[in-house]
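A.B. asks: I'd like to ask some things about the structure below.
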Amino acid sequence: MSETQSLLFPVRIVPIRSLGDGQRERIATHLLSLDQHDRYLRFGYAASDEHVRRYVDQLDFERDEIFGIFNRRLELIAMAHLAFIPEPGATPGAEFGVSVLKKARGRGYGARLFERAVMHARNEGVELMFIHALSENVAMIKIARNAGATLERAGSETEAYLRLPPATLDSRVSELLEEQLAQTDYRLKKQARNLLDLLASVQEIRVGASSARGKSGR
């Protein structure tokens, strides 16, 4: 299997969901959970809480694509921003950025988000995928290198670009199936979470009722 094919047909299935405006606050919570060093690697500068909030407020869900991975508690533990580059007359391109919470690292989530972004980008007619990262961002550079991207280092920064093949029926069907899987996974996790919250509420009521009976001497 070629490197391009491995991007389209990953062995390990990780539900990755497209995010919309309704998830804006979860995105903010995720990014604000990053420490200063992680924010520096993600944004290329020491982003303050205000900078993060401004970035989240300016996300354009109509133009770009945001992908996320949720854990069982519906916490956004990893996310990627695929920003399309609107340059009339130029080769269609998009830029990729990713962040993963510390507790969720070492599971290949960054690479999976990149694979998902590549699939969507090529299905949207993108020909070049760009990654702009600090040269010390070893994880991001490794993802780009493993995907077969061309890397160019200029001082403290590294530019990577990957030329994408045209969309095929397989790539379109694969993306559709992946999105349906992710939506189903999210709904199941939400139902399970609601059930746990309900059970917790019932337990609180029982404890309260038992305490009240004890005080009344019954």
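As shown in the structure tokens, the chain order sets the letters A, B, ...; within each chain, residues go from 1, and ligands are also counted from 1 in the order they appear.
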As JSON, numbers by chain, please: all residues of segment 1-62 of chain A that backbone DSSP puts in helix (DSSP H, G or I).

C.D. replies: {"A": [3, 4, 5, 6, 7, 8, 21, 22, 23, 24, 25, 26, 27, 28, 29, 30, 31, 32, 36, 37, 38, 39, 40, 41, 42, 43, 49, 50, 51, 52, 53, 54, 55, 56, 57]}

A.B. asks: Go through A:Lys142, A:Ala90, A:Leu134, A:Ser174 and flag the residue nearest His37 of chain A, using only C-alpha atoms for the distances.

C.D. replies: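 With only C-alpha atoms as the atom set, the closest residue is A:Leu134.
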